[in-house]
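Chemist: What follows is work-v6.csv, made up of CSV, C-alpha atoms:
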```
chain,number,residue,atom,x,y,z
A,870,ASP,CA,-25.5,-32.5,-30.7
A,871,THR,CA,-22.7,-32.0,-28.2
A,872,ALA,CA,-21.6,-33.8,-25.2
A,873,PRO,CA,-19.3,-32.8,-22.3
A,874,THR,CA,-15.7,-33.8,-22.6
A,875,PRO,CA,-14.9,-36.7,-20.2
A,876,GLY,CA,-13.1,-35.4,-17.2
A,877,ALA,CA,-13.8,-31.7,-18.0
A,878,LYS,CA,-14.5,-29.5,-15.0
A,879,PRO,CA,-17.7,-27.4,-15.0
A,880,ALA,CA,-17.4,-23.7,-15.2
A,881,THR,CA,-18.3,-23.2,-11.6
A,882,ALA,CA,-15.3,-25.2,-10.5
A,883,GLY,CA,-13.0,-22.7,-12.2
A,884,LEU,CA,-14.9,-19.9,-10.6
A,885,ASN,CA,-14.5,-21.4,-7.2
A,886,GLU,CA,-10.9,-22.2,-7.6
A,887,TYR,CA,-10.0,-18.7,-8.9
A,888,ARG,CA,-12.6,-16.7,-7.1
A,889,PRO,CA,-11.9,-13.0,-6.2
A,890,MET,CA,-10.7,-12.2,-2.7
A,891,ALA,CA,-13.1,-12.7,0.2
A,892,ARG,CA,-14.9,-9.7,1.7
A,893,THR,CA,-12.7,-9.7,4.8
A,894,SER,CA,-9.6,-9.5,2.7
A,895,ALA,CA,-11.1,-6.8,0.6
A,896,ALA,CA,-12.0,-4.7,3.6
A,897,ALA,CA,-8.5,-5.2,5.0
A,898,LEU,CA,-6.9,-4.2,1.8
A,899,ILE,CA,-9.0,-1.0,1.7
A,900,ILE,CA,-7.9,-0.1,5.2
A,901,VAL,CA,-4.3,-0.8,4.4
A,902,ILE,CA,-4.4,1.5,1.4
A,903,PHE,CA,-6.2,4.2,3.4
A,904,LEU,CA,-3.8,4.2,6.4
A,905,ARG,CA,-0.6,3.9,4.3
A,906,GLN,CA,-1.7,6.9,2.2
A,907,TRP,CA,-2.6,8.8,5.3
A,908,VAL,CA,1.0,8.4,6.6
A,909,HIS,CA,2.5,9.2,3.3
A,910,SER,CA,0.4,12.3,2.6
A,911,ALA,CA,0.7,13.6,6.1
A,912,MET,CA,4.5,13.3,6.2
A,913,THR,CA,5.0,15.0,2.8
A,914,THR,CA,2.6,17.8,3.8
A,915,TYR,CA,3.7,18.6,7.4
A,916,LEU,CA,7.3,17.4,7.6
A,917,PRO,CA,8.6,20.6,5.8
A,918,GLN,CA,6.5,22.8,8.1
A,919,TRP,CA,7.9,21.0,11.1
A,920,ILE,CA,11.5,21.5,9.9
A,921,VAL,CA,10.8,25.2,9.3
A,922,ALA,CA,9.3,25.4,12.8
A,923,GLN,CA,12.7,24.1,14.2
A,924,GLY,CA,14.3,27.3,12.8
A,925,TYR,CA,15.7,25.9,9.5
A,926,SER,CA,15.2,27.5,6.1
A,927,ILE,CA,12.6,26.5,3.5
A,928,GLU,CA,15.4,25.3,1.3
A,929,VAL,CA,16.5,22.8,3.9
A,930,ALA,CA,12.9,21.6,4.4
A,931,SER,CA,12.5,21.3,0.6
A,932,ASN,CA,15.7,19.2,0.3
A,933,LEU,CA,14.5,16.9,3.1
A,934,LEU,CA,11.2,16.4,1.4
A,935,PHE,CA,13.0,15.7,-1.9
A,936,ALA,CA,15.1,13.0,-0.1
A,937,LEU,CA,11.8,11.4,1.2
A,938,LEU,CA,9.9,11.5,-2.1
A,939,LEU,CA,12.6,10.5,-4.7
A,940,PRO,CA,13.1,7.0,-3.4
A,941,LEU,CA,9.3,6.1,-3.5
A,942,ALA,CA,9.7,4.8,-7.1
A,943,LEU,CA,12.7,2.7,-6.1
A,944,GLY,CA,10.7,1.3,-3.2
A,945,GLY,CA,7.9,0.3,-5.6
A,946,LEU,CA,10.4,-1.5,-7.8
A,947,LEU,CA,12.0,-3.3,-4.9
A,948,GLY,CA,8.7,-4.2,-3.3
A,949,GLY,CA,7.3,-5.7,-6.5
A,950,SER,CA,10.4,-7.7,-7.1
A,951,LEU,CA,10.4,-9.1,-3.5
A,952,ALA,CA,6.7,-9.9,-3.8
A,953,ASP,CA,7.3,-12.2,-6.7
A,954,ARG,CA,9.8,-14.1,-4.6
A,955,VAL,CA,8.4,-14.2,-1.1
A,956,GLY,CA,4.7,-13.2,-1.6
A,957,ARG,CA,2.8,-10.0,-1.3
A,958,LYS,CA,1.6,-10.2,2.2
A,959,PRO,CA,5.1,-10.5,3.8
A,960,VAL,CA,6.2,-7.4,1.8
A,961,ILE,CA,3.2,-5.4,2.8
A,962,LEU,CA,3.6,-6.3,6.5
A,963,THR,CA,7.3,-5.6,6.4
A,964,SER,CA,6.7,-2.2,4.7
A,965,LEU,CA,4.1,-1.1,7.3
A,966,ILE,CA,6.2,-2.4,10.2
A,967,GLY,CA,9.3,-0.7,8.9
A,968,ILE,CA,7.5,2.7,8.8
A,969,ILE,CA,7.0,2.7,12.6
A,970,PRO,CA,10.6,2.9,13.8
A,971,LEU,CA,11.7,5.0,10.8
A,972,ILE,CA,9.1,7.8,11.6
A,973,LEU,CA,10.3,7.8,15.2
A,974,LEU,CA,13.9,8.0,14.1
A,975,LEU,CA,13.3,10.7,11.6
A,976,LEU,CA,11.5,12.9,14.1
A,977,ASN,CA,14.0,12.5,16.9
A,978,SER,CA,17.3,12.6,15.1
A,979,PRO,CA,19.5,15.6,14.3
A,980,LEU,CA,19.1,17.2,10.9
A,981,PRO,CA,22.2,15.8,9.1
A,982,LEU,CA,21.1,12.2,10.1
A,983,GLN,CA,17.5,12.9,8.8
A,984,PHE,CA,18.8,13.1,5.3
A,985,PHE,CA,19.9,9.5,5.6
A,986,ILE,CA,16.7,8.3,7.3
A,987,ALA,CA,14.3,10.0,4.9
A,988,PRO,CA,15.3,8.1,1.8
A,989,VAL,CA,15.0,4.8,3.7
A,990,LEU,CA,11.5,5.8,4.9
A,991,GLY,CA,10.5,6.7,1.3
A,992,ILE,CA,11.7,3.3,0.0
A,993,VAL,CA,9.8,1.5,2.8
A,994,ILE,CA,6.5,3.4,2.2
A,995,GLY,CA,6.7,2.9,-1.6
A,996,ALA,CA,7.4,-0.8,-1.4
A,997,SER,CA,3.7,-1.7,-1.0
A,998,PHE,CA,2.2,0.7,-3.6
A,999,PRO,CA,2.3,-1.7,-6.6
A,1000,ILE,CA,1.4,-4.7,-4.6
A,1001,THR,CA,-1.8,-3.3,-3.2
A,1002,LEU,CA,-2.8,-2.1,-6.7
A,1003,VAL,CA,-2.4,-5.7,-8.1
A,1004,MET,CA,-4.4,-7.1,-5.1
A,1005,ALA,CA,-7.2,-4.6,-5.8
A,1006,GLN,CA,-7.3,-5.7,-9.4
A,1007,GLU,CA,-7.9,-9.3,-8.2
A,1008,LEU,CA,-11.1,-8.2,-6.4
A,1009,LEU,CA,-12.7,-8.0,-9.9
A,1010,PRO,CA,-10.7,-10.0,-12.4
A,1011,ARG,CA,-13.0,-9.1,-15.3
A,1012,GLY,CA,-12.9,-5.4,-14.4
A,1013,ILE,CA,-9.2,-4.7,-14.0
A,1014,GLY,CA,-9.5,-1.2,-15.4
A,1015,ILE,CA,-12.4,-0.3,-13.0
A,1016,MET,CA,-10.6,-1.6,-10.0
A,1017,SER,CA,-7.4,0.1,-11.0
A,1018,GLY,CA,-9.2,3.4,-11.2
A,1019,LEU,CA,-11.0,2.9,-7.9
A,1020,ALA,CA,-7.8,1.9,-6.1
A,1021,LEU,CA,-5.9,4.9,-7.4
A,1022,GLY,CA,-8.8,7.3,-6.8
A,1023,PHE,CA,-9.3,6.0,-3.3
A,1024,THR,CA,-5.6,6.5,-2.7
A,1025,PHE,CA,-5.9,10.3,-3.4
A,1026,ILE,CA,-9.1,10.6,-1.3
A,1027,ALA,CA,-7.5,8.7,1.6
A,1028,GLY,CA,-4.5,11.1,1.5
A,1029,SER,CA,-6.8,14.1,1.6
A,1030,ILE,CA,-8.8,12.8,4.5
A,1031,GLY,CA,-5.6,11.9,6.4
A,1032,VAL,CA,-4.0,15.3,5.8
A,1033,ALA,CA,-7.2,17.0,7.1
A,1034,ILE,CA,-7.3,14.9,10.2
A,1035,THR,CA,-3.6,15.3,10.9
A,1036,GLY,CA,-3.9,19.1,10.6
A,1037,ARG,CA,-6.8,19.2,13.0
A,1038,VAL,CA,-5.0,17.1,15.6
A,1039,ALA,CA,-1.8,19.1,15.1
A,1040,ASP,CA,-3.6,22.4,15.9
A,1041,ALA,CA,-4.7,20.8,19.2
A,1042,ILE,CA,-1.6,18.9,20.5
A,1043,GLY,CA,1.3,20.1,18.3
A,1044,LEU,CA,2.9,19.1,15.1
A,1045,HIS,CA,5.7,16.9,16.5
A,1046,THR,CA,3.4,14.9,18.6
A,1047,THR,CA,0.9,14.5,15.8
A,1048,LEU,CA,3.6,13.3,13.3
A,1049,THR,CA,4.8,10.9,15.9
A,1050,GLY,CA,1.3,9.6,16.1
A,1051,LEU,CA,1.5,8.5,12.5
A,1052,ALA,CA,3.5,5.5,13.8
A,1053,VAL,CA,0.3,4.4,15.5
A,1054,VAL,CA,-1.6,4.8,12.2
A,1055,ALA,CA,1.0,2.5,10.6
A,1056,LEU,CA,0.6,0.0,13.5
A,1057,VAL,CA,-3.1,-0.2,12.8
A,1058,GLY,CA,-2.3,-0.8,9.2
A,1059,VAL,CA,-0.1,-3.7,10.3
A,1060,CYS,CA,-3.1,-5.2,12.1
A,1061,ALA,CA,-5.3,-4.8,9.0
A,1062,ALA,CA,-2.6,-6.3,6.7
A,1063,SER,CA,-2.4,-9.4,8.9
A,1064,LEU,CA,-5.9,-10.2,7.6
A,1065,LEU,CA,-4.8,-10.3,4.0
A,1066,PRO,CA,-4.6,-13.7,2.3
A,1067,ARG,CA,-1.3,-15.5,2.5
A,1068,ARG,CA,-1.7,-17.6,-0.7
A,1069,GLU,CA,-2.3,-15.4,-3.7
A,1070,ARG,CA,-2.6,-15.9,-7.5
A,1071,ARG,CA,-1.6,-13.1,-9.8
A,1072,THR,CA,-4.4,-11.9,-12.1
A,1073,ALA,CA,-2.4,-13.0,-15.2
A,1074,ASP,CA,-2.5,-16.6,-13.9
A,1075,MET,CA,-6.3,-16.7,-13.5
A,1076,PRO,CA,-8.0,-18.4,-16.5
A,1077,ILE,CA,-11.2,-16.9,-17.9
A,1078,PRO,CA,-13.9,-19.5,-17.0
A,1079,GLN,CA,-15.9,-20.8,-19.9
A,1080,THR,CA,-19.7,-21.4,-19.9
A,1081,ALA,CA,-19.0,-25.1,-20.7
A,1082,ASP,CA,-16.3,-27.4,-22.0
A,1083,VAL,CA,-17.9,-29.2,-24.9
A,1084,THR,CA,-16.7,-31.2,-27.9
A,1085,PRO,CA,-18.7,-32.3,-30.9
A,1086,ASN,CA,-19.7,-35.9,-31.2
A,1087,ALA,CA,-18.0,-37.9,-33.9
```
Would you put the structure from the file into structure tokens?
Modeler:
Amino acid sequence: DTAPTPGAKPATAGLNEYRPMARTSAAALIIVIFLRQWVHSAMTTYLPQWIVAQGYSIEVASNLLFALLLPLALGGLLGGSLADRVGRKPVILTSLIGIIPLILLLLNSPLPLQFFIAPVLGIVIGASFPITLVMAQELLPRGIGIMSGLALGFTFIAGSIGVAITGRVADAIGLHTTLTGLAVVALVGVCAASLLPRRERRTADMPIPQTADVTPNA
């Protein structure tokens, strides 16, 4: 026969304490991923076209795109490091808020200055990529692989949808106005990110709940 260990917490207590994120937070996270990838994909797709439309060569447009894309990895590294210190939500909010003025500066500055603004924009966009992936994994602690695949797959789908919408709007109102409107997309992302939980636990810190804590009788 077995008897519960005195003072042991039932399995449901562990599940309640380390439960996955609430539905509101999950929906907010999906919206954040969608809107951030919309901005990223639309900028990388249409920024070179806009530069060429200004009368510059394809080489100049390609170099500016390279200046935007290269720092993305650095942004992810910096964002993950900051999230370990100050929390994930502040980093995500700062990243989305920072996108807004940087897009406006990039689109309204002379070309030599754009080569300094583009890398900063790349860092700011990339800062939240690893954080949202970790938060997505916390939605299903026992299915990290599945959630990782869904999060990454949804990122590509969101980018494709965002590029298609941006192209349609650009045909109607012009490329410069449409790219400027990406700042509004980022602003909506800020509103969604404000719904994310402030207090987080990393998946690695979450114990696997047991069916029962028992010990054999002497």
Chemist: List the neighbours of range 960-967 of chain A out to 6 Å using only C-alpha atoms; skip same-chain residues closer than 5 positions along the sequence, and give me the result as a short mmCIF file (atom, residue, chain, number, x, y, z; two decimals) with C-alpha atoms, keeping the file's coordinate frame.
Modeler:
```cif
data_model
loop_
_atom_site.label_atom_id
_atom_site.label_comp_id
_atom_site.auth_asym_id
_atom_site.auth_seq_id
_atom_site.Cartn_x
_atom_site.Cartn_y
_atom_site.Cartn_z
CA VAL A 993 9.80 1.50 2.80
CA SER A 997 3.70 -1.70 -1.00
CA ALA A 1055 1.00 2.50 10.60
CA VAL A 1059 -0.10 -3.70 10.30
#
```
Chemist: Taking into account all atoms listed in the file, which residue in the set A:Leu982, A:Leu973, A:Ile1030, A:Asp1040 is nearest to Leu904 in chain A?
Modeler: A:Ile1030
Chemist: Quick one: distance from CA of Phe1025 in chain A to CA of Leu898 in chain A in Å, one decimal?
Modeler: 15.4 Å
Chemist: Pick the closest to Leu1064 in chain A from A:Ile972, A:Pro959, A:Val921, A:Arg905: which is it, counting only C-alpha atoms?
Modeler: A:Pro959
Chemist: In Å, rounded to a single decimal, give me how far CA of Ala996 in chain A is from CA of Gly1043 in chain A.
Modeler: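 Calculated distance between CA of Gly1043 in chain A and CA of Ala996 in chain A is 29.4 Å.
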Chemist: Between CA of Thr893 in chain A and CA of Trp907 in chain A, what is the distance, to one decimal in Å?
Modeler: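 A separation of 21.1 Å between them.
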Chemist: Kindly indicate which residue among A:Val955, A:Ala1027, A:Ala936, A:Leu946 lies nearest to Leu990 in chain A, using all atoms listed in the file for the distances.
Modeler: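 Smallest separation from Leu990 in chain A among the options: A:Ala936.
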Chemist: Pick the closest to Leu1065 in chain A from A:Ala1005, A:His909, A:Leu971, A:Ala987: which is it, counting all atoms listed in the file?
Modeler: A:Ala1005
Chemist: So, with all atoms listed in the file as the atoms that count, which of A:Ala952, A:Ser1063, A:Ile968, A:Gln983 lies closest to Leu933 in chain A?
Modeler: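 With all atoms listed in the file as the atom set, the closest residue is A:Gln983.
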Chemist: From the set A:Val1032, A:Ala895, A:Leu975, A:Ile902, which residue has the shortest atom-to-atom contact distance to Val1057 in chain A, counting all atoms listed in the file?
Modeler: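 Checking each candidate against Val1057 in chain A, we get A:Ile902 as the closest.
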Chemist: I'd like the contact shell of Thr1035 in chain A - 12 Å cut-off, only C-alpha atoms, skipping same-chain residues fewer than 5 positions apart - returned as a VMD selection string.
Modeler: chain A and resid 904 907 to 916 1028 to 1030 1040 to 1051 1054
